[in-house]
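**Q** Pasting start-v9.txt below, which is compact mmCIF, C-alpha atoms and all ligand atoms.
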# COMPACT_ATOMS: atom_id res chain seq x y z
CA MET K 23 115.49 118.60 131.03
CA PRO K 24 112.54 118.29 128.58
CA LYS K 25 109.10 119.36 129.73
CA GLN K 26 106.55 116.67 130.55
CA ASN K 27 104.36 117.67 127.57
CA ASP K 28 107.35 117.42 125.22
CA LEU K 29 108.10 113.92 126.49
CA GLU K 30 104.45 112.97 126.14
CA GLN K 31 104.36 114.25 122.55
CA ARG K 32 107.59 112.47 121.66
CA ALA K 33 106.29 109.26 123.21
CA LEU K 34 103.05 109.57 121.25
CA ASP K 35 104.93 110.21 117.98
CA ILE K 36 107.02 107.09 118.50
CA ILE K 37 104.01 104.96 119.44
CA MET K 38 102.13 106.25 116.37
CA SER K 39 105.04 105.37 114.11
CA SER K 40 105.27 101.87 115.62
CA GLY K 41 102.01 101.05 113.84
CA GLU K 42 100.37 97.67 114.28
CA LYS K 43 103.42 96.05 115.86
CA GLY K 44 103.43 98.50 118.77
CA ILE K 45 106.41 99.14 121.00
CA LEU K 46 107.48 97.74 124.36
CA GLN K 47 107.28 100.49 126.92
CA SER K 48 110.82 99.82 128.12
CA ASP K 49 112.12 100.41 124.56
CA LEU K 50 110.10 103.59 124.37
CA TRP K 51 111.48 104.95 127.65
CA ARG K 52 114.98 104.29 126.40
CA GLU K 53 114.26 106.23 123.19
CA ILE K 54 112.90 109.28 124.99
CA ASN K 55 115.35 109.12 127.90
CA ALA K 56 112.66 108.76 130.55
CA SER K 57 112.79 106.76 133.75
CA SER K 58 110.38 103.84 134.01
CA ARG K 59 108.37 105.79 136.58
CA GLU K 60 108.09 108.84 134.29
CA GLY K 61 107.37 106.57 131.36
CA SER K 62 104.60 104.68 133.12
CA ARG K 63 102.91 107.94 134.03
CA ILE K 64 103.13 109.11 130.43
CA SER K 65 101.66 105.91 129.04
CA ILE K 66 98.81 105.97 131.56
CA ARG K 67 98.07 109.58 130.66
CA LEU K 68 98.10 108.77 126.93
CA GLU K 69 95.81 105.82 127.55
CA ASN K 70 93.44 107.91 129.66
CA LYS K 71 93.27 110.43 126.81
CA GLY K 72 92.22 107.62 124.49
CA LEU K 73 95.29 107.97 122.26
CA ILE K 74 96.90 104.58 122.90
CA TYR K 75 96.12 101.23 124.45
CA ARG K 76 98.38 98.92 126.44
CA GLU K 77 98.54 95.15 126.39
CA PRO K 78 100.50 93.12 128.95
CA GLU K 79 103.37 91.14 127.48
CA LEU K 80 106.00 88.84 128.94
CA SER K 81 109.40 90.08 127.79
CA ARG K 82 112.73 88.61 128.93
CA GLY K 83 110.97 86.93 131.85
CA ARG K 84 109.23 90.08 133.10
CA TRP K 85 105.73 91.38 132.59
CA THR K 86 105.57 94.71 130.84
CA TYR K 87 103.26 96.47 128.44
CA ARG K 88 103.30 96.83 124.70
CA LEU K 89 101.89 100.17 123.61
CA TYR K 90 99.78 100.58 120.49
CA PRO K 91 98.32 103.68 118.83
CA LYS K 92 94.52 103.75 118.80
CA ARG K 93 94.57 105.52 115.45
CA GLN K 94 96.85 105.07 112.51
CA PRO K 95 98.19 108.08 110.65
CA VAL K 96 96.04 108.82 107.62
CA SER K 97 97.44 107.32 104.45
CA MET K 98 96.87 108.69 100.96
CA ASP K 99 97.09 105.17 99.52
CA SER K 100 93.38 104.55 99.93
CA ILE K 101 92.40 107.43 97.61
CA LEU K 102 95.17 107.31 95.02
CA ASP K 103 92.90 105.62 92.49
CA CYS K 104 89.83 107.76 93.17
CA PRO K 105 88.39 108.65 89.74
CA CYS K 106 87.90 112.31 90.75
CA LEU K 107 91.66 112.85 90.90
CA SER K 108 92.03 112.30 87.17
CA CYS K 109 88.53 113.22 86.03
CA GLU K 110 88.32 115.66 83.13
CA GLU K 111 85.04 116.99 84.60
CA ASN K 112 86.57 117.71 87.99
CA LEU K 113 86.27 121.50 87.75
CA ARG K 114 82.62 121.40 86.66
CA CYS K 115 81.56 118.81 89.24
CA GLY K 116 80.00 119.73 92.56
CA ALA K 117 77.09 119.05 94.86
CA GLY K 118 73.84 120.41 93.41
CA GLY K 119 75.33 120.88 89.93
CA LYS K 120 74.62 119.06 86.67
CA LEU K 121 77.61 116.88 87.44
CA SER K 122 77.63 115.80 91.05
CA PRO K 123 79.44 113.26 93.25
CA ASN K 124 75.96 112.37 94.55
CA ASP K 125 75.05 110.54 91.35
CA CYS K 126 78.31 109.80 89.59
CA ASP K 127 78.48 106.18 88.43
CA ARG K 128 82.28 106.20 88.31
CA LEU K 129 82.55 107.43 91.88
CA ILE K 130 79.88 105.04 93.19
CA GLU K 131 81.59 102.11 91.48
CA TRP K 132 84.93 103.14 93.04
CA VAL K 133 83.43 103.54 96.53
CA LEU K 134 81.73 100.13 96.36
CA LYS K 135 84.62 98.16 94.89
CA GLU K 136 86.33 95.67 97.14
CA ASP K 137 90.09 95.40 97.19
S1 LIG G 1 82.24 112.69 91.02
FE1 LIG G 1 82.42 111.77 89.03
S2 LIG G 1 82.18 113.46 87.58
FE2 LIG G 1 82.64 114.31 89.58
S3 LIG G 1 84.85 114.59 89.58
FE3 LIG G 1 84.40 112.59 90.50
S4 LIG G 1 84.52 111.16 88.83
FE4 LIG G 1 84.37 113.17 87.95
As structure tokens - that is how I would like this structure written.
**A**
Amino acid sequence: MPKQNDLEQRALDIIMSSGEKGILQSDLWREINASSREGSRISIRLENKGLIYREPELSRGRWTYRLYPKRQPVSMDSILDCPCLSCEENLRCGAGGKLSPNDCDRLIEWVLKED
């Protein structure tokens, strides 16, 4: 039988990977092989720790909760086009130096651009 912390971690991993669509708690309990009582305790603990939030949802005629992660896993997509990654001055650039991110026009333009 898995330890409570293992179940909690597995539940959190699944909720995190559910992203913005979340996951019904009954589907989650099925995936981690937990009873609804165990599962409810886990979701309340995760919510109390500030890791997830729950929203009531009517599913197949019964009220349940959909569980959502409070934070999304960090994605590299947002920095893929950062000019520093391909900058020929990268090795000479640093805070306090002649070349610095503090006053680089290319970097400022990239930070301020809207997608
Ligand atoms: S801050 Fe500017 S100069 Fe420095 S590495 Fe980034 S793009 Fe290059």
**Q** Using all atoms listed in the file, find each residue with an atom at most 10 Å away from ligand LIG 1 (chain G) and format the answer as a ChimeraX atom specification.
**A** /K:104-117,119-132
**Q** Glu77 (chain K): which residues within 10 Å, counting only C-alpha atoms, same-chain residues fewer than 6 positions away excluded, as a PyMOL selection string?
**A** chain K and resi 44+46+86-90
**Q** From the list K:Glu136, K:Ser65, K:Ser48, K:Gly72, which residue is nearest Ala33 (chain K) when using all atoms listed in the file?
**A** K:Ser65
**Q** May I have the protein, DNA and RNA residues with an atom at most 12 Å from (103.9, 106.2, 130.2), counting only C-alpha atoms in the file's coordinates, returned as an NGL selection string?
**A** :K and (26-27 or 29-34 or 37 or 45-52 or 54 or 56-71 or 73-76 or 86-90)
**Q** Which residue is closest to Ser39 (chain K)? Choose from K:Leu80, K:Gly118, K:Asn55, K:Arg93 and count all atoms listed in the file.
**A**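 Under the stated criterion, the closest residue is K:Arg93.
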**Q** Quick check, in Å to one decimal: how far apart do CA of Pro78 (chain K) and CA of Gly41 (chain K) lie?
**A**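 So the two atoms, CA of Pro78 (chain K) and CA of Gly41 (chain K), lie 17.1 Å apart.
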**Q** Taking the block above, write region 69-103 of chain K with N, CA and C atoms as a short mmCIF file (atom, residue, chain, number, x, y, z; two decimals), in the first residue's frame.
**A**
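Generated file (selection-v1.cif):
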data_model
loop_
_atom_site.label_atom_id
_atom_site.label_comp_id
_atom_site.auth_asym_id
_atom_site.auth_seq_id
_atom_site.Cartn_x
_atom_site.Cartn_y
_atom_site.Cartn_z
N GLU K 69 -4.99 21.69 -0.99
CA GLU K 69 -5.57 23.03 -1.03
C GLU K 69 -5.08 23.87 0.16
N ASN K 70 -5.04 23.25 1.33
CA ASN K 70 -4.57 23.98 2.52
C ASN K 70 -3.10 24.39 2.39
N LYS K 71 -2.34 23.62 1.63
CA LYS K 71 -0.93 23.98 1.40
C LYS K 71 -0.78 25.04 0.32
N GLY K 72 -1.89 25.40 -0.31
CA GLY K 72 -1.85 26.45 -1.34
C GLY K 72 -1.37 25.95 -2.68
N LEU K 73 -1.39 24.62 -2.91
CA LEU K 73 -0.87 24.08 -4.15
C LEU K 73 -1.94 23.92 -5.23
N ILE K 74 -3.19 23.77 -4.80
CA ILE K 74 -4.28 23.59 -5.76
C ILE K 74 -5.48 24.40 -5.29
N TYR K 75 -6.47 24.53 -6.16
CA TYR K 75 -7.77 25.05 -5.71
C TYR K 75 -8.85 24.16 -6.28
N ARG K 76 -10.00 24.14 -5.60
CA ARG K 76 -11.11 23.27 -5.99
C ARG K 76 -12.30 24.13 -6.35
N GLU K 77 -12.99 23.71 -7.42
CA GLU K 77 -14.23 24.40 -7.78
C GLU K 77 -15.34 23.37 -7.90
N PRO K 78 -16.50 23.63 -7.26
CA PRO K 78 -17.60 22.68 -7.37
C PRO K 78 -18.08 22.54 -8.80
N GLU K 79 -18.46 21.33 -9.17
CA GLU K 79 -18.92 21.08 -10.53
C GLU K 79 -19.96 19.96 -10.50
N LEU K 80 -21.02 20.14 -11.27
CA LEU K 80 -22.04 19.10 -11.38
C LEU K 80 -21.60 18.13 -12.48
N SER K 81 -21.39 16.87 -12.09
CA SER K 81 -20.94 15.88 -13.06
C SER K 81 -21.81 14.64 -12.93
N ARG K 82 -22.42 14.22 -14.02
CA ARG K 82 -23.31 13.05 -14.06
C ARG K 82 -24.36 13.12 -12.94
N GLY K 83 -24.91 14.32 -12.75
CA GLY K 83 -25.98 14.51 -11.77
C GLY K 83 -25.54 14.62 -10.33
N ARG K 84 -24.23 14.63 -10.08
CA ARG K 84 -23.75 14.73 -8.69
C ARG K 84 -22.74 15.87 -8.58
N TRP K 85 -22.80 16.55 -7.43
CA TRP K 85 -21.83 17.61 -7.19
C TRP K 85 -20.50 17.00 -6.78
N THR K 86 -19.46 17.51 -7.40
CA THR K 86 -18.11 17.07 -7.06
C THR K 86 -17.20 18.28 -7.17
N TYR K 87 -15.94 18.06 -7.15
CA TYR K 87 -14.99 19.16 -7.33
C TYR K 87 -14.10 18.90 -8.53
N ARG K 88 -13.77 19.98 -9.21
CA ARG K 88 -12.70 19.92 -10.21
C ARG K 88 -11.48 20.57 -9.56
N LEU K 89 -10.35 19.90 -9.72
CA LEU K 89 -9.12 20.35 -9.06
C LEU K 89 -8.19 21.00 -10.08
N TYR K 90 -7.66 22.15 -9.71
CA TYR K 90 -6.78 22.90 -10.60
C TYR K 90 -5.46 23.20 -9.88
N PRO K 91 -4.34 23.19 -10.62
CA PRO K 91 -3.08 23.60 -10.00
C PRO K 91 -3.07 25.12 -9.82
N LYS K 92 -2.50 25.58 -8.72
CA LYS K 92 -2.39 27.04 -8.54
C LYS K 92 -1.27 27.60 -9.39
N ARG K 93 -0.25 26.77 -9.64
CA ARG K 93 0.85 27.21 -10.48
C ARG K 93 1.00 26.26 -11.66
N GLN K 94 1.41 26.82 -12.76
CA GLN K 94 1.69 26.01 -13.93
C GLN K 94 3.18 25.70 -13.95
N PRO K 95 3.54 24.51 -14.46
CA PRO K 95 4.96 24.24 -14.61
C PRO K 95 5.61 25.31 -15.48
N VAL K 96 6.84 25.65 -15.15
CA VAL K 96 7.54 26.68 -15.90
C VAL K 96 7.81 26.18 -17.32
N SER K 97 7.52 27.04 -18.28
CA SER K 97 7.76 26.69 -19.68
C SER K 97 8.93 27.51 -20.20
N MET K 98 9.74 26.89 -21.05
CA MET K 98 10.87 27.59 -21.67
C MET K 98 10.40 28.45 -22.85
N ASP K 99 9.16 28.23 -23.29
CA ASP K 99 8.68 28.92 -24.48
C ASP K 99 8.80 30.44 -24.39
N SER K 100 8.58 30.96 -23.17
CA SER K 100 8.55 32.41 -23.02
C SER K 100 9.92 33.06 -23.18
N ILE K 101 11.00 32.29 -23.11
CA ILE K 101 12.33 32.91 -23.23
C ILE K 101 13.10 32.43 -24.46
N LEU K 102 12.46 31.62 -25.28
CA LEU K 102 13.17 31.06 -26.44
C LEU K 102 13.71 32.13 -27.38
N ASP K 103 13.01 33.27 -27.47
CA ASP K 103 13.48 34.31 -28.38
C ASP K 103 14.20 35.45 -27.66
#
